[in-house]
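Pasting upload-v8.txt here (compact mmCIF, C-alpha atoms):
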# COMPACT_ATOMS: atom_id res chain seq x y z
CA MET A 14 7.13 -15.94 42.62
CA ARG A 15 9.18 -12.88 41.76
CA THR A 16 8.54 -9.70 43.75
CA VAL A 17 9.90 -6.34 42.59
CA GLU A 18 9.30 -3.13 44.55
CA PRO A 19 9.23 0.33 42.90
CA THR A 20 12.11 2.67 43.64
CA ASN A 21 10.13 5.74 44.75
CA VAL A 22 6.36 6.02 44.24
CA THR A 23 4.00 3.13 44.81
CA SER A 24 1.39 3.34 42.06
CA LEU A 25 0.03 5.41 39.23
CA ARG A 26 -2.75 6.54 41.56
CA ASP A 27 -0.12 8.44 43.56
CA VAL A 28 1.02 10.54 40.59
CA GLY A 29 -2.21 10.93 38.63
CA ARG A 30 -2.46 11.17 34.85
CA PRO A 31 0.81 10.12 33.19
CA GLN A 32 2.90 13.06 31.99
CA ILE A 33 4.27 12.10 28.59
CA ASP A 34 7.47 13.72 27.29
CA VAL A 35 6.02 14.99 24.01
CA ALA A 36 9.35 16.47 22.87
CA TYR A 37 10.97 13.03 23.23
CA LEU A 38 8.04 11.40 21.41
CA LEU A 39 8.31 13.78 18.45
CA ALA A 40 12.10 13.47 18.24
CA VAL A 41 11.82 9.68 18.13
CA LEU A 42 9.04 9.90 15.55
CA GLU A 43 11.05 12.15 13.23
CA ASN A 44 13.98 9.73 13.38
CA LEU A 45 11.73 6.75 12.76
CA VAL A 46 9.98 8.14 9.68
CA GLU A 47 13.31 9.13 8.13
CA ILE A 48 14.50 5.50 8.26
CA PRO A 49 13.18 3.57 5.22
CA SER A 50 11.33 0.45 6.37
CA PRO A 51 8.87 -0.99 3.85
CA THR A 52 7.81 -4.48 4.85
CA GLY A 53 10.72 -6.78 4.00
CA TYR A 54 13.39 -4.06 4.39
CA THR A 55 13.27 -3.31 8.10
CA ASP A 56 16.73 -4.09 9.53
CA ARG A 57 17.81 -0.46 9.99
CA VAL A 58 14.65 0.59 11.79
CA VAL A 59 14.92 -2.47 14.03
CA HIS A 60 18.43 -1.38 15.04
CA PHE A 61 17.14 2.11 15.83
CA ALA A 62 14.33 0.75 18.02
CA CYS A 63 16.84 -1.49 19.81
CA ASP A 64 19.05 1.54 20.48
CA GLN A 65 16.10 3.37 22.03
CA LEU A 66 15.28 0.43 24.29
CA GLU A 67 18.91 0.20 25.38
CA GLN A 68 18.92 3.91 26.28
CA LEU A 69 15.73 3.40 28.30
CA GLY A 70 17.28 0.43 30.12
CA VAL A 71 14.72 -2.11 28.91
CA PRO A 72 15.90 -5.67 28.13
CA PHE A 73 14.81 -7.12 24.81
CA GLU A 74 15.42 -9.91 22.31
CA LEU A 75 14.92 -10.34 18.58
CA THR A 76 13.24 -13.03 16.52
CA ARG A 77 15.11 -14.47 13.56
CA ARG A 78 13.65 -11.85 11.18
CA GLY A 79 13.91 -8.92 13.56
CA ALA A 80 10.66 -8.51 15.48
CA ILE A 81 11.45 -7.17 18.96
CA ARG A 82 10.24 -8.46 22.32
CA ALA A 83 11.08 -6.06 25.15
CA THR A 84 10.09 -6.72 28.76
CA LEU A 85 9.08 -4.35 31.53
CA GLU A 86 9.45 -6.58 34.56
CA GLY A 87 6.48 -6.48 36.92
CA ARG A 88 5.90 -7.37 40.55
CA LYS A 89 4.50 -10.68 39.33
CA LYS A 90 5.29 -12.72 36.27
CA ALA A 91 1.74 -13.73 35.36
CA PRO A 92 -0.79 -13.13 33.95
CA SER A 93 1.55 -11.21 31.66
CA ARG A 94 0.42 -8.91 28.88
CA ALA A 95 1.71 -7.23 25.74
CA VAL A 96 1.56 -3.91 23.94
CA VAL A 97 2.34 -4.14 20.21
CA GLY A 98 3.10 -1.67 17.43
CA HIS A 99 4.63 -2.20 13.99
CA LEU A 100 7.82 -0.77 12.53
CA ASP A 101 7.19 -1.65 8.89
CA THR A 102 5.59 0.79 6.48
CA LEU A 103 4.23 0.94 2.97
CA GLY A 104 6.51 1.15 -0.04
CA CYS A 105 7.05 -0.23 -3.53
CA MET A 106 9.11 -2.80 -5.40
CA VAL A 107 10.47 -2.89 -8.95
CA LYS A 108 8.31 -5.15 -11.12
CA GLU A 109 9.90 -4.57 -14.53
CA LEU A 110 12.75 -2.72 -16.24
CA LYS A 111 10.79 -1.00 -18.99
CA ASP A 112 11.91 -0.44 -22.57
CA ASN A 113 11.50 3.32 -22.12
CA GLY A 114 14.19 3.39 -19.42
CA ARG A 115 11.74 3.63 -16.52
CA LEU A 116 10.68 1.25 -13.76
CA ARG A 117 7.34 -0.49 -13.49
CA ILE A 118 6.42 -0.88 -9.83
CA VAL A 119 4.05 -2.74 -7.52
CA PRO A 120 3.01 -1.68 -4.01
CA VAL A 121 4.34 -3.20 -0.80
CA GLY A 122 1.30 -3.23 1.45
CA THR A 123 -2.16 -2.05 0.48
CA TRP A 124 -2.41 1.55 -0.70
CA SER A 125 -3.54 3.59 -3.67
CA SER A 126 -1.24 4.75 -6.44
CA ARG A 127 -2.96 8.16 -6.36
CA PHE A 128 -0.88 8.88 -3.23
CA ALA A 129 2.30 7.80 -5.03
CA GLU A 130 2.10 10.11 -8.02
CA GLY A 131 4.73 12.82 -7.77
CA ALA A 132 6.51 11.30 -4.78
CA ARG A 133 10.27 11.55 -4.56
CA VAL A 134 11.68 8.09 -3.91
CA THR A 135 14.86 6.14 -3.30
CA ILE A 136 15.51 2.90 -5.17
CA LEU A 137 17.56 0.55 -2.99
CA THR A 138 19.64 -1.39 -5.51
CA ASP A 139 21.55 -4.57 -4.76
CA HIS A 140 25.04 -3.26 -5.54
CA ALA A 141 24.78 0.25 -7.02
CA GLY A 142 23.69 1.97 -3.84
CA ALA A 143 20.65 4.16 -3.26
CA ILE A 144 19.46 5.95 -6.41
CA ARG A 145 16.90 8.74 -6.43
CA GLY A 146 13.84 9.07 -8.63
CA THR A 147 10.22 10.19 -8.90
CA ILE A 148 6.97 8.27 -9.28
CA MET A 149 5.28 9.67 -12.40
CA PRO A 150 1.95 8.99 -14.11
CA LEU A 151 2.42 7.48 -17.57
CA LYS A 152 0.99 10.64 -19.08
CA ALA A 153 2.63 13.32 -16.98
CA SER A 154 2.84 16.41 -19.19
CA GLY A 155 -0.10 18.40 -20.48
CA HIS A 156 2.22 19.86 -23.11
CA VAL A 157 2.66 16.35 -24.50
CA PHE A 158 -0.67 14.63 -23.85
CA GLY A 159 -3.12 17.49 -23.48
CA ASP A 160 -6.31 16.67 -21.58
CA GLU A 161 -5.34 12.99 -21.43
CA VAL A 162 -3.33 13.73 -18.30
CA ASP A 163 -6.69 14.25 -16.54
CA THR A 164 -8.51 11.26 -18.01
CA GLN A 165 -6.02 8.42 -17.61
CA PRO A 166 -7.10 5.83 -15.00
CA VAL A 167 -5.72 5.61 -11.46
CA GLY A 168 -3.82 2.42 -10.66
CA TRP A 169 -0.38 0.91 -10.30
CA ASP A 170 -0.37 0.02 -14.01
CA TYR A 171 -0.53 3.74 -14.80
CA VAL A 172 2.54 4.96 -12.90
CA GLU A 173 6.27 4.41 -13.31
CA VAL A 174 9.50 5.53 -11.67
CA ARG A 175 11.59 8.07 -13.55
CA THR A 176 15.12 7.54 -12.24
CA ASP A 177 17.57 10.40 -11.89
CA ASP A 178 19.79 8.88 -14.57
CA PHE A 179 20.14 9.09 -18.35
CA CYS A 180 18.41 5.73 -18.91
CA LYS A 181 16.55 5.30 -22.18
CA SER A 182 16.10 1.50 -22.30
CA ALA A 183 15.84 -1.62 -20.16
CA GLU A 184 19.49 -2.33 -21.00
CA ASP A 185 20.51 1.09 -19.64
CA LEU A 186 18.65 0.37 -16.41
CA GLU A 187 20.29 -3.02 -15.99
CA GLU A 188 23.73 -1.59 -16.69
CA ARG A 189 23.13 1.13 -14.10
CA GLY A 190 22.37 -1.54 -11.48
CA PHE A 191 18.58 -1.65 -11.27
CA ARG A 192 17.04 -5.09 -10.77
CA ILE A 193 13.57 -6.56 -10.50
CA GLY A 194 12.70 -6.80 -6.82
CA ASN A 195 14.59 -3.68 -5.70
CA PHE A 196 12.78 -1.96 -2.82
CA ILE A 197 11.57 1.61 -3.30
CA THR A 198 11.01 3.97 -0.37
CA LEU A 199 9.06 7.24 -0.39
CA ASP A 200 10.30 10.47 1.17
CA PRO A 201 8.25 11.10 4.35
CA LYS A 202 8.28 14.94 4.28
CA PHE A 203 7.99 15.12 8.09
CA GLU A 204 6.66 18.40 9.51
CA VAL A 205 5.31 19.62 12.86
CA THR A 206 3.24 22.77 12.50
CA GLU A 207 3.10 25.64 15.00
CA ASN A 208 -0.36 24.56 16.13
CA GLY A 209 0.71 20.98 16.80
CA PHE A 210 -0.23 19.04 13.68
CA VAL A 211 2.20 16.30 12.64
CA VAL A 212 2.26 15.73 8.87
CA SER A 213 4.23 12.93 7.24
CA ARG A 214 4.10 9.68 5.36
CA HIS A 215 4.60 6.55 7.47
CA LEU A 216 2.94 7.83 10.65
CA ASP A 217 1.26 4.42 10.48
CA ASP A 218 2.58 3.02 12.73
CA LYS A 219 5.76 4.89 13.61
CA ALA A 220 3.68 7.41 15.56
CA GLY A 221 2.26 4.49 17.53
CA VAL A 222 5.75 3.08 18.16
CA SER A 223 6.89 6.51 19.36
CA ALA A 224 3.98 6.65 21.80
CA ILE A 225 4.94 3.21 23.15
CA LEU A 226 8.53 4.32 23.70
CA ALA A 227 7.33 7.55 25.34
CA ALA A 228 5.12 5.52 27.70
CA ILE A 229 8.12 3.33 28.59
CA LYS A 230 10.18 6.47 29.25
CA TYR A 231 7.52 7.77 31.63
CA ILE A 232 7.47 4.49 33.55
CA LYS A 233 11.26 4.35 33.80
CA ASP A 234 11.55 8.03 34.77
CA THR A 235 9.01 7.71 37.59
CA GLY A 236 10.36 4.42 38.91
CA LEU A 237 6.92 2.85 38.80
CA VAL A 238 6.78 -0.93 38.43
CA PRO A 239 3.96 -2.67 36.53
CA PRO A 240 1.86 -5.11 38.58
CA VAL A 241 2.71 -7.89 36.08
CA ASP A 242 5.28 -8.44 33.35
CA THR A 243 4.48 -6.38 30.29
CA HIS A 244 6.07 -7.19 26.93
CA MET A 245 6.49 -4.33 24.49
CA LEU A 246 6.44 -5.87 21.02
CA PHE A 247 7.55 -4.28 17.76
CA THR A 248 6.57 -6.22 14.66
CA ILE A 249 7.89 -5.94 11.11
CA SER A 250 5.18 -7.32 8.79
CA GLU A 251 1.84 -5.81 9.83
CA GLU A 252 1.31 -4.07 6.48
CA VAL A 253 1.20 -7.44 4.70
CA GLY A 254 -1.02 -9.12 7.28
CA SER A 255 1.19 -11.37 9.42
CA GLY A 256 2.07 -8.83 12.14
CA ALA A 257 2.10 -10.27 15.66
CA SER A 258 1.33 -13.82 14.55
CA ALA A 259 4.63 -15.30 15.77
CA ILE A 260 6.10 -13.08 18.46
CA LEU A 261 3.96 -13.67 21.56
CA HIS A 262 5.21 -15.47 24.66
CA GLY A 263 3.03 -18.46 25.47
CA ASN A 264 2.02 -17.02 28.84
CA ILE A 265 0.70 -13.69 27.53
CA ALA A 266 -2.93 -13.42 28.59
CA GLU A 267 -3.90 -10.15 26.94
CA MET A 268 -2.58 -7.75 24.34
CA VAL A 269 -3.28 -4.18 23.28
CA ALA A 270 -2.42 -3.29 19.69
CA VAL A 271 -1.37 0.28 18.86
CA ASP A 272 -2.15 1.63 15.41
CA ILE A 273 -3.70 4.44 13.37
CA ALA A 274 -7.38 5.39 13.56
CA THR A 275 -9.24 6.72 10.53
CA PRO A 276 -11.11 10.04 10.76
CA GLY A 277 -13.59 10.52 7.93
CA PRO A 278 -17.26 10.31 6.95
CA GLY A 279 -19.05 7.71 9.03
CA GLN A 280 -16.13 7.38 11.48
CA ASN A 281 -15.82 8.69 15.03
CA SER A 282 -12.00 8.89 15.12
CA ARG A 283 -10.39 12.30 15.62
CA GLU A 284 -6.91 13.81 15.43
CA ARG A 285 -7.03 14.62 19.13
CA GLY A 286 -7.39 12.29 22.08
CA VAL A 287 -6.86 8.55 21.90
CA THR A 288 -9.30 6.44 19.87
CA ILE A 289 -10.42 3.12 21.36
CA GLY A 290 -11.14 0.56 18.66
CA MET A 291 -14.28 -1.41 19.52
CA ALA A 292 -14.03 -3.66 16.46
CA ASP A 293 -12.20 -3.96 13.15
CA ALA A 294 -12.70 -6.07 10.03
CA HIS A 295 -11.62 -9.10 12.05
CA GLY A 296 -14.45 -8.60 14.55
CA PRO A 297 -15.07 -7.14 18.03
CA PHE A 298 -12.18 -6.76 20.43
CA ASP A 299 -12.33 -8.30 23.89
CA TYR A 300 -15.20 -6.72 25.80
CA HIS A 301 -13.44 -6.64 29.16
CA VAL A 302 -10.12 -5.26 27.90
CA THR A 303 -11.95 -2.59 25.92
CA GLN A 304 -14.06 -1.58 28.92
CA LYS A 305 -10.90 -1.43 31.03
CA LEU A 306 -9.25 0.92 28.53
CA LEU A 307 -12.31 3.18 28.55
CA LYS A 308 -12.40 3.25 32.36
CA LEU A 309 -8.70 4.16 32.50
CA CYS A 310 -9.40 7.11 30.21
CA GLU A 311 -12.20 8.23 32.51
CA GLN A 312 -10.18 7.65 35.69
CA PHE A 313 -7.21 9.70 34.52
CA ASP A 314 -9.14 12.24 32.45
CA ILE A 315 -7.52 11.16 29.17
CA GLU A 316 -9.23 12.63 26.12
CA HIS A 317 -10.73 9.78 24.10
CA GLN A 318 -13.43 8.51 21.78
CA ARG A 319 -14.59 5.15 20.40
CA ASP A 320 -14.76 3.89 16.83
CA VAL A 321 -15.50 0.80 14.75
CA PHE A 322 -13.39 0.09 11.66
CA LYS A 323 -14.88 -1.73 8.68
CA TYR A 324 -11.88 -1.79 6.30
CA TYR A 325 -9.05 -2.32 8.76
CA ARG A 326 -7.01 -5.05 10.45
CA CYS A 327 -4.35 -4.65 13.13
CA ASP A 328 -1.62 -6.74 14.79
CA ALA A 329 -4.17 -8.20 17.22
CA ALA A 330 -6.10 -9.82 14.36
CA ALA A 331 -2.95 -11.54 13.10
CA ALA A 332 -2.17 -12.83 16.60
CA ILE A 333 -5.66 -14.28 17.05
CA ASP A 334 -5.72 -15.77 13.54
CA ALA A 335 -2.46 -17.54 14.39
CA GLY A 336 -4.26 -19.40 17.20
CA ASN A 337 -3.25 -17.34 20.24
CA ASP A 338 -5.89 -17.54 23.00
CA ILE A 339 -5.56 -13.97 24.26
CA ARG A 340 -7.79 -11.09 25.17
CA ALA A 341 -7.09 -8.26 22.74
CA GLY A 342 -7.81 -4.54 22.49
CA LEU A 343 -6.90 -1.70 20.14
CA VAL A 344 -5.84 1.88 20.90
CA CYS A 345 -5.04 4.41 18.20
CA PHE A 346 -3.92 7.89 17.28
CA GLY A 347 -6.29 9.53 14.79
CA GLY A 348 -4.54 10.00 11.45
CA ASP A 349 -6.25 11.75 8.56
CA GLY A 350 -5.48 10.33 5.09
CA SER A 351 -4.31 6.92 6.28
CA HIS A 352 -2.00 5.05 3.87
CA GLY A 353 -1.53 8.31 1.98
CA HIS A 354 -0.47 11.78 3.06
CA GLU A 355 -1.08 11.25 6.76
CA ARG A 356 -1.67 13.84 9.47
CA THR A 357 -2.21 13.59 13.22
CA HIS A 358 -1.84 15.97 16.17
CA THR A 359 0.35 16.06 19.24
CA ARG A 360 -2.83 15.90 21.35
CA ALA A 361 -3.62 12.49 19.90
CA LEU A 362 -0.07 11.20 20.42
CA GLU A 363 0.11 12.51 23.98
CA SER A 364 -3.25 10.95 24.91
CA LEU A 365 -2.18 7.65 23.35
CA GLY A 366 1.04 7.63 25.39
CA GLN A 367 -0.90 8.46 28.57
CA LEU A 368 -3.30 5.56 28.07
CA LEU A 369 -0.48 3.11 27.27
CA ALA A 370 1.34 4.10 30.47
CA ALA A 371 -1.87 3.83 32.53
CA TYR A 372 -2.68 0.43 31.03
CA THR A 373 0.83 -0.92 31.66
CA LEU A 374 0.67 0.19 35.30
CA SER A 375 -2.88 -1.07 35.91
CA PRO A 376 -3.72 -4.41 37.58
CA PRO A 377 -4.31 -7.41 35.30
CA THR A 378 -7.81 -7.57 33.90
CA PHE A 379 -8.39 -11.03 35.40
CA GLU A 380 -6.02 -12.97 37.67
CA ARG A 381 -7.73 -16.14 36.45
CA ASP A 382 -6.18 -15.57 33.00
CA ARG A 383 -2.77 -16.71 34.29
CA GLU A 384 -3.98 -20.23 33.40
CA GLN A 385 -4.77 -21.19 29.82
CA LEU A 386 -7.42 -23.63 31.07
CA ALA A 387 -9.15 -23.23 34.43
CA PRO A 388 -12.42 -24.03 36.25
CA PRO A 389 -15.34 -21.60 35.84
CA GLU A 390 -14.70 -19.93 39.21
CA GLY A 391 -13.59 -16.37 38.54
CA PHE A 392 -14.72 -16.34 34.92
CA PRO A 393 -16.36 -12.96 34.20
CA THR A 394 -19.96 -12.24 33.30
CA GLN A 395 -20.93 -9.44 30.94
CA PRO A 396 -23.83 -7.28 32.14
CA ASP A 397 -27.37 -8.10 31.01
Would it be possible to restate this file's structure as structure tokens?
Amino acid sequence: MRTVEPTNVTSLRDVGRPQIDVAYLLAVLENLVEIPSPTGYTDRVVHFACDQLEQLGVPFELTRRGAIRATLEGRKKAPSRAVVGHLDTLGCMVKELKDNGRLRIVPVGTWSSRFAEGARVTILTDHAGAIRGTIMPLKASGHVFGDEVDTQPVGWDYVEVRTDDFCKSAEDLEERGFRIGNFITLDPKFEVTENGFVVSRHLDDKAGVSAILAAIKYIKDTGLVPPVDTHMLFTISEEVGSGASAILHGNIAEMVAVDIATPGPGQNSRERGVTIGMADAHGPFDYHVTQKLLKLCEQFDIEHQRDVFKYYRCDAAAAIDAGNDIRAGLVCFGGDGSHGHERTHTRALESLGQLLAAYTLSPPTFERDREQLAPPEGFPTQPD
């Protein structure tokens, strides 16, 4: 069995709460959100993530479509675990070249058209390059339509893309190079305020990915070695539901998904501290992994809260639905206005990175989980 010794300190207990490089995290995040990556158009963002892993000295490999499996080698190989975030975001696709010289669109991922109205966009054509435009409601001018601009319904059938071209017909659009199926990306409008708020589209889940990379940086900078192999996974199709369904190593015993939490009425998520997901629309997360995450927050004084999500699924759900017998948990940054004009805070991102580092450096939840099938000895018992 492989044995790897740390280069300087012996354990996280020796150094206390992980110190996350927030400046690095925010720099990575700004770069990530500026790279268009709607589900199905993720090659460039995959290359960027690979570059970051190379700079951090972490070995990795790619699946055929571009999901990334990086490995932080531990003192022991098993029971190995995974931390997963997704690189893909929301976007749109051209559905029709309209007779009025504009583009009918459909969403990529699940989100409301009310957050698309007025957005500046880039249409990624097959051969004519990247062409700019704006998502407009069908009735956009009060000087033309009067009060009807306020009474038209909300929905994807009531918006269109006005391209920055003199196109007056479907023929003009086709001649210019637009085609059905062209991807459309939305400008992120990234901003960090003086009091630490981070405002941008596509924080879901590029803020989570940035926190994962910042946790890796902390581990590499300190020379700490995880007790067991930990695989950092970056998926490319979470927004359409498949996520981590086909990227896990067969010997992974447990996985923690990293995603956005949803502050709002009836929710306990916040834009500060890390939010521990107790359950999502798929069902409860593993009791023991969740309790471990909560205890790590208490042990290292990491600001945190719990929440249950009713209209939400993460990478862990896709992995379990695909038949993987793994223990799964969920940790999140609180992001107001999810799948719209999103906002979080550096306090949430820092706490998330701290917990991810602490989890990666913690002992395995159960040594027994190294075996897919085993006798009952060592199987846990939940408290009465």
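Ranking A:Ala274, A:Met106, A:Ala40, A:Leu75 by their shortest atom-to-atom distance to Gly347 of chain A, with only C-alpha atoms included, puts A:Ala274 first.
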- Compile the contact shell of Gln65 of chain A as an MDAnalysis selection string: residues with an atom at most 12 Å away, counting only C-alpha atoms, same-chain residues fewer than 5 positions apart removed. chainID A and resid 37:38 40:42 44:45 58:60 70:73 81 83 222:223 225:227 229:230
Serialized selection, C-alpha atoms, as an mmCIF file, keeping the file's coordinate frame:
data_model
loop_
_atom_site.group_PDB
_atom_site.id
_atom_site.type_symbol
_atom_site.label_atom_id
_atom_site.label_comp_id
_atom_site.auth_asym_id
_atom_site.auth_seq_id
_atom_site.Cartn_x
_atom_site.Cartn_y
_atom_site.Cartn_z
ATOM 1 C CA TYR A 37 10.970 13.030 23.230
ATOM 2 C CA LEU A 38 8.040 11.400 21.410
ATOM 3 C CA ALA A 40 12.100 13.470 18.240
ATOM 4 C CA VAL A 41 11.820 9.680 18.130
ATOM 5 C CA LEU A 42 9.040 9.900 15.550
ATOM 6 C CA ASN A 44 13.980 9.730 13.380
ATOM 7 C CA LEU A 45 11.730 6.750 12.760
ATOM 8 C CA VAL A 58 14.650 0.590 11.790
ATOM 9 C CA VAL A 59 14.920 -2.470 14.030
ATOM 10 C CA HIS A 60 18.430 -1.380 15.040
ATOM 11 C CA GLY A 70 17.280 0.430 30.120
ATOM 12 C CA VAL A 71 14.720 -2.110 28.910
ATOM 13 C CA PRO A 72 15.900 -5.670 28.130
ATOM 14 C CA PHE A 73 14.810 -7.120 24.810
ATOM 15 C CA ILE A 81 11.450 -7.170 18.960
ATOM 16 C CA ALA A 83 11.080 -6.060 25.150
ATOM 17 C CA VAL A 222 5.750 3.080 18.160
ATOM 18 C CA SER A 223 6.890 6.510 19.360
ATOM 19 C CA ILE A 225 4.940 3.210 23.150
ATOM 20 C CA LEU A 226 8.530 4.320 23.700
ATOM 21 C CA ALA A 227 7.330 7.550 25.340
ATOM 22 C CA ILE A 229 8.120 3.330 28.590
ATOM 23 C CA LYS A 230 10.180 6.470 29.250
#
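The interatomic distance for the pair atom CA of Leu151 of chain A and atom CA of Gly131 of chain A works out to 11.4 Å.
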- Give the answer as one residue: which of A:Asp101, A:Glu86, A:Glu384, A:Asp185 has the shortest atom-to-atom distance to Leu237 of chain A, using only C-alpha atoms? A:Glu86
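Considering the residues A:Asp177, A:Glu187, A:Glu284, A:Glu207 and counting only C-alpha atoms, Glu355 of chain A has its shortest atom-to-atom contact with A:Glu284.
Nearest to Pro396 of chain A of all the residues A:Val121, A:Phe247, A:His301, A:Arg189 is A:His301, based on only C-alpha atoms.
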- Item | Separation of atom CA of Glu363 of chain A from atom CA of Gly209 of chain A, in Å and rounded to one decimal | 11.1 Å
Find the spatial neighbours of Asp299 of chain A, counting all atoms listed in the file, within a cut-off of 8 Å - ignore same-chain residues fewer than 3 positions away - and output them as a PDB file with C-alpha atoms, in the frame of the given file.
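File part_16.pdb, as written:
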ATOM      1  CA  VAL A 302     -10.120  -5.260  27.900  1.00  0.00           C
ATOM      2  CA  THR A 303     -11.950  -2.590  25.920  1.00  0.00           C
ATOM      3  CA  ARG A 340      -7.790 -11.090  25.170  1.00  0.00           C
ATOM      4  CA  ALA A 341      -7.090  -8.260  22.740  1.00  0.00           C
ATOM      5  CA  GLY A 342      -7.810  -4.540  22.490  1.00  0.00           C
TER       6      GLY A 342
END
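Counting from atom CA of Pro377 of chain A, the distance to atom CA of Ala361 of chain A is 25.2 Å.
Take the candidates A:Asp234, A:Asp272, A:Glu161, A:Asp382 and check each one against Thr102 of chain A using all atoms listed in the file; the shortest distance goes to A:Asp272.
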Residues near segment 27-34 of chain A, anyone? I mean within 10 Å using only C-alpha atoms, not counting same-chain ones fewer than 3 positions away, as a CSV table (one decimal) with C-alpha atoms, keeping the file's coordinate frame.
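Contents of result-v9.csv, as written:
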chain,number,residue,atom,x,y,z
A,22,VAL,CA,6.4,6.0,44.2
A,23,THR,CA,4.0,3.1,44.8
A,24,SER,CA,1.4,3.3,42.1
A,37,TYR,CA,11.0,13.0,23.2
A,38,LEU,CA,8.0,11.4,21.4
A,39,LEU,CA,8.3,13.8,18.4
A,224,ALA,CA,4.0,6.6,21.8
A,227,ALA,CA,7.3,7.6,25.3
A,228,ALA,CA,5.1,5.5,27.7
A,229,ILE,CA,8.1,3.3,28.6
A,230,LYS,CA,10.2,6.5,29.2
A,231,TYR,CA,7.5,7.8,31.6
A,232,ILE,CA,7.5,4.5,33.6
A,235,THR,CA,9.0,7.7,37.6
A,237,LEU,CA,6.9,2.8,38.8
A,309,LEU,CA,-8.7,4.2,32.5
A,310,CYS,CA,-9.4,7.1,30.2
A,312,GLN,CA,-10.2,7.6,35.7
A,313,PHE,CA,-7.2,9.7,34.5
A,314,ASP,CA,-9.1,12.2,32.4
A,315,ILE,CA,-7.5,11.2,29.2
A,362,LEU,CA,-0.1,11.2,20.4
A,363,GLU,CA,0.1,12.5,24.0
A,364,SER,CA,-3.2,11.0,24.9
A,365,LEU,CA,-2.2,7.6,23.4
A,366,GLY,CA,1.0,7.6,25.4
A,367,GLN,CA,-0.9,8.5,28.6
A,368,LEU,CA,-3.3,5.6,28.1
A,369,LEU,CA,-0.5,3.1,27.3
A,370,ALA,CA,1.3,4.1,30.5
A,371,ALA,CA,-1.9,3.8,32.5
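Distance check against Ile144 of chain A using only C-alpha atoms: of A:Ile197, A:Leu307, A:Val253, A:Leu246, the minimum falls on A:Ile197.
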- Message: Which residues are close to Phe379 of chain A, i.e. within 9 Å by all atoms listed in the file, leaving aside same-chain residues fewer than 5 positions away? Reply as a ChimeraX atom specification.
- Response: /A:92,391-393
If I wrap all listed atoms of segment 73-88 of chain A in a box with edges along x, y and z and add 3 Å on each side, what are its centre and edge lengths in Å to one decimal, as JSON?
{"center_x": 10.7, "center_y": -9.4, "center_z": 25.9, "size_x": 15.5, "size_y": 16.1, "size_z": 35.4}
